[in-house]
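> So here's structure-v6.cif, just mmCIF, C-alpha atoms:
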```cif
data_query
#
loop_
_atom_site.label_atom_id
_atom_site.label_comp_id
_atom_site.auth_asym_id
_atom_site.auth_seq_id
_atom_site.Cartn_x
_atom_site.Cartn_y
_atom_site.Cartn_z
CA MET I 1 -24.74 -41.86 73.44
CA GLU I 2 -24.26 -38.35 72.01
CA LEU I 3 -27.73 -36.87 72.39
CA SER I 4 -26.20 -33.43 71.81
CA LEU I 5 -25.74 -34.36 68.14
CA LEU I 6 -29.49 -34.75 67.59
CA GLY I 7 -30.04 -31.03 67.04
CA PRO I 8 -28.58 -27.51 67.15
CA SER I 9 -27.28 -26.51 70.60
CA GLY I 10 -28.16 -29.97 71.90
CA VAL I 11 -31.90 -29.36 71.46
CA PHE I 12 -33.88 -32.38 70.29
CA SER I 13 -37.37 -33.86 70.30
CA SER I 14 -38.75 -37.07 71.72
CA ALA I 15 -39.14 -38.22 68.11
CA ASP I 16 -35.40 -37.61 67.56
CA ALA I 17 -34.62 -39.65 70.68
CA ALA I 18 -36.93 -42.47 69.59
CA ARG I 19 -34.67 -43.07 66.60
CA LEU I 20 -31.98 -43.98 69.13
CA GLY I 21 -34.30 -46.27 71.04
CA LEU I 22 -35.05 -43.86 73.90
CA ASP I 23 -38.69 -43.75 74.97
CA ARG I 24 -40.39 -41.21 77.23
CA HIS I 25 -39.50 -43.20 80.33
CA ALA I 26 -35.80 -43.10 79.44
CA LEU I 27 -36.03 -39.37 78.79
CA SER I 28 -37.77 -38.83 82.13
CA ARG I 29 -34.98 -40.71 83.92
CA LEU I 30 -32.34 -38.53 82.21
CA CYS I 31 -34.23 -35.40 83.24
CA ARG I 32 -34.38 -36.55 86.85
CA ALA I 33 -30.66 -37.30 86.72
CA GLY I 34 -29.96 -33.76 85.51
CA SER I 35 -28.56 -34.86 82.14
CA LEU I 36 -31.50 -33.38 80.24
CA LEU I 37 -33.82 -30.42 80.70
CA ARG I 38 -37.36 -30.41 79.33
CA LEU I 39 -37.87 -27.18 77.37
CA SER I 40 -41.40 -27.73 76.11
CA ARG I 41 -43.73 -30.63 75.59
CA GLY I 42 -41.71 -33.24 73.70
CA TRP I 43 -38.56 -31.11 73.49
CA PHE I 44 -35.35 -31.40 75.52
CA VAL I 45 -31.82 -30.06 75.74
CA VAL I 46 -28.65 -31.76 76.88
CA VAL I 47 -27.36 -30.20 80.11
CA SER I 48 -23.68 -29.85 80.84
CA GLY I 49 -23.04 -28.14 84.15
CA LYS I 50 -25.48 -25.55 85.48
CA LEU I 51 -29.07 -25.47 84.28
CA PRO I 52 -29.65 -22.70 81.72
CA THR I 53 -31.63 -19.68 82.91
CA GLY I 54 -32.69 -16.28 81.65
CA GLU I 55 -31.66 -15.40 78.11
CA GLU I 56 -29.91 -18.73 77.54
CA LEU I 57 -33.01 -20.69 78.54
CA HIS I 58 -35.13 -18.52 76.24
CA ARG I 59 -32.71 -19.08 73.35
CA LEU I 60 -32.84 -22.85 73.80
CA THR I 61 -36.64 -22.88 74.13
CA ALA I 62 -36.92 -20.69 71.02
CA THR I 63 -34.72 -23.16 69.16
CA ALA I 64 -36.99 -26.01 70.22
CA LEU I 65 -40.25 -24.27 69.29
CA GLY I 66 -38.70 -22.96 66.10
CA ARG I 67 -37.96 -26.55 65.10
CA GLN I 68 -41.39 -27.76 66.20
CA PHE I 69 -43.17 -25.20 64.02
CA ARG I 70 -40.58 -25.01 61.24
CA ALA I 71 -43.20 -26.03 58.64
CA ARG I 72 -45.30 -22.93 59.34
CA ALA I 73 -43.33 -20.28 61.23
CA LEU I 74 -40.04 -18.44 61.59
CA LEU I 75 -38.16 -17.24 64.67
CA SER I 76 -38.85 -13.54 65.17
CA HIS I 77 -38.98 -10.62 67.59
CA HIS I 78 -36.58 -10.80 70.55
CA SER I 79 -36.46 -14.59 70.27
CA LEU I 80 -34.58 -14.31 66.97
CA LEU I 81 -32.38 -11.50 68.34
CA LEU I 82 -31.30 -13.59 71.32
CA CYS I 83 -30.58 -16.55 69.04
CA ARG I 84 -28.31 -14.22 67.04
CA GLY I 85 -26.47 -13.15 70.18
CA LEU I 86 -27.82 -9.59 70.16
CA PRO I 87 -28.70 -7.63 73.30
CA THR I 88 -32.34 -6.90 74.06
CA TYR I 89 -34.25 -4.47 76.25
CA ARG I 90 -37.56 -5.13 78.02
CA ALA I 91 -37.80 -8.56 76.41
CA ASP I 92 -40.35 -10.98 77.89
CA LEU I 93 -38.13 -14.01 78.37
CA ALA I 94 -41.11 -16.15 79.37
CA THR I 95 -42.62 -16.01 75.88
CA VAL I 96 -41.13 -17.23 72.60
CA HIS I 97 -42.23 -15.28 69.53
CA LEU I 98 -42.52 -16.74 66.03
CA THR I 99 -44.01 -15.28 62.86
CA SER I 100 -46.12 -17.31 60.47
CA GLY I 101 -44.31 -17.97 57.22
CA VAL I 102 -47.21 -19.48 55.28
CA ASP I 103 -50.03 -17.85 53.37
CA GLY I 104 -53.10 -17.52 55.52
CA ALA I 105 -55.60 -18.07 52.71
CA VAL I 106 -56.73 -21.10 50.73
CA GLU I 107 -58.50 -21.19 47.39
CA LEU I 108 -62.11 -22.40 47.40
CA PRO I 109 -63.71 -24.42 44.57
CA ASP I 110 -65.89 -21.45 43.65
CA GLY I 111 -62.83 -19.24 43.18
CA GLY I 112 -63.12 -17.50 46.53
CA ARG I 113 -60.54 -17.43 49.31
CA ARG I 114 -60.91 -18.50 52.91
CA ARG I 115 -58.60 -17.50 55.72
CA ARG I 116 -57.11 -20.33 57.74
CA SER I 117 -55.51 -20.05 61.14
CA VAL I 118 -51.73 -19.69 60.93
CA THR I 119 -51.31 -17.99 64.28
CA ALA I 120 -51.24 -19.27 67.84
CA ARG I 121 -51.26 -17.84 71.34
CA ARG I 122 -50.67 -19.96 74.42
CA PRO I 123 -48.62 -19.60 77.60
CA GLY I 124 -44.99 -19.35 76.55
CA LEU I 125 -45.61 -19.03 72.79
CA VAL I 126 -47.03 -16.53 70.32
CA ILE I 127 -47.10 -17.13 66.56
CA HIS I 128 -47.82 -13.82 64.86
CA ARG I 129 -49.54 -13.15 61.56
CA PRO I 130 -47.42 -13.32 58.38
CA VAL I 131 -45.27 -10.34 57.42
CA ALA I 132 -45.50 -8.95 53.91
CA GLY I 133 -42.81 -10.39 51.69
CA ILE I 134 -41.61 -13.00 54.23
CA ARG I 135 -42.49 -16.59 53.51
CA LEU I 136 -40.95 -19.95 54.31
CA GLN I 137 -38.58 -21.23 51.65
CA ALA I 138 -37.81 -24.81 50.70
CA ARG I 139 -34.89 -26.11 52.77
CA ASP I 140 -32.66 -29.13 52.94
CA PRO I 141 -34.44 -31.52 55.34
CA ARG I 142 -31.07 -32.24 56.95
CA ASP I 143 -30.85 -28.60 58.04
CA LEU I 144 -32.37 -28.73 61.53
CA ARG I 145 -31.98 -25.06 62.32
CA PRO I 146 -35.24 -23.11 62.75
CA ALA I 147 -36.21 -20.77 59.94
CA ALA I 148 -35.74 -17.12 60.89
CA ILE I 149 -37.09 -13.75 59.88
CA PRO I 150 -34.46 -11.16 58.79
CA VAL I 151 -32.67 -9.45 61.67
CA ALA I 152 -33.89 -5.99 60.63
CA HIS I 153 -37.52 -7.13 60.73
CA ALA I 154 -37.03 -8.76 64.15
CA ILE I 155 -35.57 -5.50 65.47
CA VAL I 156 -38.65 -3.58 64.37
CA GLN I 157 -40.91 -6.27 65.84
CA ALA I 158 -39.08 -6.05 69.17
CA GLY I 159 -39.69 -2.31 69.16
CA LEU I 160 -43.38 -2.77 68.46
CA LEU I 161 -43.59 -5.02 71.53
CA GLY I 162 -41.37 -3.12 73.95
CA GLY I 163 -41.06 0.43 72.66
CA PRO I 164 -38.38 2.33 70.71
CA GLU I 165 -35.49 1.47 73.04
CA SER I 166 -36.29 -2.21 72.56
CA ALA I 167 -35.54 -1.68 68.88
CA LEU I 168 -32.60 0.69 69.27
CA VAL I 169 -30.53 -1.46 71.65
CA PRO I 170 -30.32 -4.49 69.29
CA ALA I 171 -30.16 -2.24 66.22
CA ASP I 172 -26.96 -0.54 67.40
CA ALA I 173 -25.38 -3.91 68.16
CA ALA I 174 -26.51 -5.41 64.83
CA LEU I 175 -24.99 -2.49 62.93
CA ARG I 176 -21.75 -2.81 64.89
CA GLN I 177 -21.57 -6.55 64.12
CA GLY I 178 -22.51 -6.16 60.45
CA LEU I 179 -25.74 -8.14 60.84
CA THR I 180 -27.85 -5.42 59.24
CA THR I 181 -27.58 -1.99 57.60
CA PRO I 182 -29.38 1.34 58.00
CA ASP I 183 -31.12 0.75 54.68
CA ARG I 184 -32.41 -2.65 55.78
CA LEU I 185 -33.70 -1.15 59.02
CA SER I 186 -35.48 1.59 57.10
CA ARG I 187 -37.07 -0.87 54.69
CA ALA I 188 -38.11 -3.17 57.53
CA ALA I 189 -39.79 -0.27 59.34
CA ALA I 190 -41.69 0.54 56.14
CA VAL I 191 -43.05 -3.02 56.04
CA PHE I 192 -44.67 -2.44 59.44
CA GLY I 193 -45.85 1.06 58.48
CA LYS I 194 -49.49 0.47 59.48
CA HIS I 195 -48.77 -1.16 62.84
CA THR I 196 -49.66 0.67 66.05
CA GLY I 197 -46.56 2.19 67.64
CA ILE I 198 -44.38 2.18 64.51
CA GLY I 199 -43.86 5.97 64.59
CA PRO I 200 -41.62 6.09 67.68
CA VAL I 201 -39.80 2.93 66.56
CA ARG I 202 -39.10 4.36 63.10
CA SER I 203 -37.91 7.63 64.66
CA ALA I 204 -35.53 5.83 67.04
CA LEU I 205 -34.10 3.62 64.32
CA ALA I 206 -33.26 6.69 62.23
CA HIS I 207 -30.58 7.34 64.88
CA ALA I 208 -29.29 3.76 65.17
CA ASP I 209 -25.51 3.91 65.32
CA GLY I 210 -23.03 1.06 65.41
CA ARG I 211 -20.55 3.27 67.26
CA HIS I 212 -22.59 2.78 70.44
CA GLU I 213 -20.71 -0.04 72.15
CA SER I 214 -23.22 -1.23 74.75
CA PRO I 215 -26.93 -1.19 75.57
CA GLY I 216 -26.15 1.46 78.18
CA GLU I 217 -24.64 3.74 75.54
CA SER I 218 -27.61 3.12 73.24
CA ARG I 219 -30.07 4.07 75.96
CA THR I 220 -28.00 7.06 77.02
CA ALA I 221 -27.95 8.38 73.45
CA PHE I 222 -31.70 7.85 73.17
CA LEU I 223 -32.39 9.79 76.37
CA LEU I 224 -30.03 12.66 75.57
CA ARG I 225 -31.60 13.10 72.13
CA LEU I 226 -35.07 13.15 73.74
CA LEU I 227 -33.80 15.90 76.04
CA GLY I 228 -32.76 17.93 73.00
CA PHE I 229 -28.98 17.41 72.99
CA SER I 230 -27.02 16.62 69.82
CA LEU I 231 -24.25 14.05 70.25
CA GLU I 232 -20.96 12.93 68.74
CA PRO I 233 -20.36 9.28 69.74
CA GLN I 234 -16.86 7.96 70.51
CA PHE I 235 -15.34 11.43 70.55
CA VAL I 236 -11.53 11.48 70.71
CA VAL I 237 -9.78 14.18 72.72
CA ALA I 238 -6.01 14.79 72.59
CA VAL I 239 -4.65 16.21 75.85
CA GLU I 240 -1.18 16.25 77.39
CA GLY I 241 0.28 14.16 74.59
CA ARG I 242 -2.29 11.37 74.87
CA SER I 243 -5.58 10.58 73.15
CA TYR I 244 -8.67 9.78 75.18
CA ARG I 245 -12.01 8.56 73.86
CA ALA I 246 -15.31 9.54 75.47
CA ASP I 247 -18.64 7.86 74.83
CA PHE I 248 -20.19 11.17 73.73
CA ARG I 249 -19.53 14.85 73.28
CA ILE I 250 -22.36 17.35 73.32
CA VAL I 251 -21.96 18.83 69.83
CA GLY I 252 -20.22 22.21 69.75
CA THR I 253 -19.31 22.15 73.45
CA ARG I 254 -16.56 20.99 75.78
CA VAL I 255 -18.91 18.66 77.65
CA LEU I 256 -18.24 14.92 77.51
CA VAL I 257 -20.68 12.25 78.64
CA GLU I 258 -19.70 8.75 79.76
CA PHE I 259 -22.00 5.85 80.58
CA ASP I 260 -20.63 3.62 83.33
CA GLY I 261 -22.23 0.18 83.55
CA ALA I 262 -22.34 -1.55 86.91
CA ALA I 263 -19.76 -4.11 85.80
CA LYS I 264 -17.30 -1.65 84.26
CA TYR I 265 -15.00 -1.49 87.26
CA SER I 266 -16.11 -4.60 89.15
CA ASP I 267 -13.04 -6.58 88.09
CA ALA I 268 -10.71 -3.63 87.60
CA GLY I 269 -7.47 -3.57 89.53
CA SER I 270 -6.01 -0.52 91.22
CA GLY I 271 -3.92 0.22 88.13
CA VAL I 272 -7.00 0.48 85.91
CA LEU I 273 -8.75 2.75 88.40
CA PHE I 274 -5.64 4.93 88.67
CA GLU I 275 -5.47 5.29 84.88
CA GLU I 276 -9.13 6.25 84.75
CA LYS I 277 -8.61 8.95 87.38
CA ARG I 278 -5.52 10.26 85.59
CA ARG I 279 -7.50 10.41 82.34
CA GLU I 280 -10.34 12.34 83.99
CA ASP I 281 -7.95 14.78 85.68
CA ALA I 282 -6.15 15.45 82.38
CA LEU I 283 -9.42 16.18 80.61
CA ARG I 284 -10.50 18.61 83.29
CA ARG I 285 -7.15 20.43 83.25
CA ALA I 286 -7.66 20.90 79.51
CA GLY I 287 -11.04 22.53 80.07
CA TRP I 288 -13.31 19.57 79.41
CA VAL I 289 -16.27 18.87 81.71
CA LEU I 290 -17.11 15.20 82.18
CA VAL I 291 -20.57 13.93 83.13
CA ARG I 292 -20.80 10.29 84.23
CA LEU I 293 -24.13 8.48 84.04
CA VAL I 294 -25.13 5.07 85.42
CA TRP I 295 -28.16 2.85 84.90
CA ALA I 296 -30.14 4.48 87.71
CA ASP I 297 -29.73 7.93 86.13
CA LEU I 298 -31.49 6.82 82.94
CA ALA I 299 -34.73 6.42 84.90
CA HIS I 300 -34.62 10.11 85.93
CA PRO I 301 -34.56 12.31 82.80
CA ASP I 302 -34.94 15.55 84.76
CA ARG I 303 -31.88 14.70 86.83
CA VAL I 304 -29.88 13.99 83.68
CA ARG I 305 -31.01 17.24 82.04
CA ASP I 306 -30.00 19.25 85.10
CA ARG I 307 -26.54 17.64 85.20
CA ILE I 308 -25.92 18.28 81.50
CA LEU I 309 -27.10 21.88 81.75
CA ALA I 310 -24.88 22.44 84.80
CA ALA I 311 -21.93 21.00 82.87
CA LEU I 312 -22.64 23.24 79.89
CA ALA I 313 -22.72 26.29 82.16
CA LEU I 314 -19.41 25.24 83.75
CA ALA I 315 -17.79 24.69 80.33
CA ALA I 316 -18.97 28.02 78.88
#
```
For the file at hand, write its structure as structure tokens.

Amino acid sequence: MELSLLGPSGVFSSADAARLGLDRHALSRLCRAGSLLRLSRGWFVVVSGKLPTGEELHRLTATALGRQFRARALLSHHSLLLCRGLPTYRADLATVHLTSGVDGAVELPDGGRRRRSVTARRPGLVIHRPVAGIRLQARDPRDLRPAAIPVAHAIVQAGLLGGPESALVPADAALRQGLTTPDRLSRAAAVFGKHTGIGPVRSALAHADGRHESPGESRTAFLLRLLGFSLEPQFVVAVEGRSYRADFRIVGTRVLVEFDGAAKYSDAGSGVLFEEKRREDALRRAGWVLVRLVWADLAHPDRVRDRILAALALAA
């Protein structure tokens, strides 16, 4: 019995299963056997191998709740970003976020209007108020995918929840993947113009750049700009007959900045490490000063500033 065919990503409801003759007792047995995982009340996912955790579990739960509330709400915030395969920063994986896609007012017989509740807040789920210009559209009932807010709007919403870096990290990735444009980001930020915290988010998104190839590079660029440094991403240097690309150059200087994620060299063989050392030695012989930053450095802005200033003095 192919339960995985009952919904996107193998997510289905008890009502879906009932059409195949499976009652709640049968579903409970499959959960105990490890074939199914309960995502939310009345919603399950087919399990193949290890149980999903972290971002994958959030994505599946968001898919379930998005289907459950598809008549009134759209996937949004970091929940939509994760469903689109975009990186996030400071995302609360324990809570799925949706945005109401229905008008919150009803006409009264006397011509007045009364607000009706279209929002919800409970452990594990928040349905936010409608967003101007975003409403649910008629869909083919055979399309079981949850409705979704535009990516640009979800990026701004993520920033309003988690701060400017929470918007910038997915924005850079979305630009790189062609999922949004600078103009869409700008227009989305304007939609949320009266929301608390939009100023820093709008300012950060003005510098969104698809040339940043990882969340670490996005956060490094954000910090260096805060410290007052102007950057050229993916700067190519030709030395000793070869071309090398650095994550950043400090504009107008011979200082290069590289962000090294924890996993960058974890699987690298000795040949890769040798090439990296040869590259760094060649750059230094040509008069370039290289500053390497890791995740821990980003939590210490003063330390980063001192290292960049020392490099600038050395390169002068």
> Here is a test: counting all atoms listed in the file, which residue of I:Thr53, I:Ser35, I:Ser13, I:Gln177 is nearest to Ala94 in chain I?
I:Thr53
> Taking the file as shown, find all residues satisfying the PyMOL selection byres ((chain I and resi 9) around 10) and write them as a list in words.
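Against this file, the PyMOL selection byres ((chain I and resi 9) around 10) returns the residues Ser4, Leu5, Leu6, Gly7, Pro8, Gly10, Val11, Phe12, Val45, Val46, Arg59, Leu60, Thr63, Ala64 and Arg145 of chain I.
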> Take CA of Ala152 in chain I and CA of Cys83 in chain I and report the distance between them in Å, one decimal.
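Separation of CA of Ala152 in chain I and CA of Cys83 in chain I: 13.9 Å.
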> What would the selection look like, as a PyMOL selection string, if the PyMOL selection byres ((chain I and resi 181-194) around 7) were run on the coordinates I just shared?
chain I and resi 132+152-153+156+175+180+195-196+198+202
> Fewer than 3 positions away in the same chain doesn't count, so skip those; otherwise give me all residues within 7 Å of range 295-309 of chain I, counting all atoms listed in the file, as a count of residues only.
5
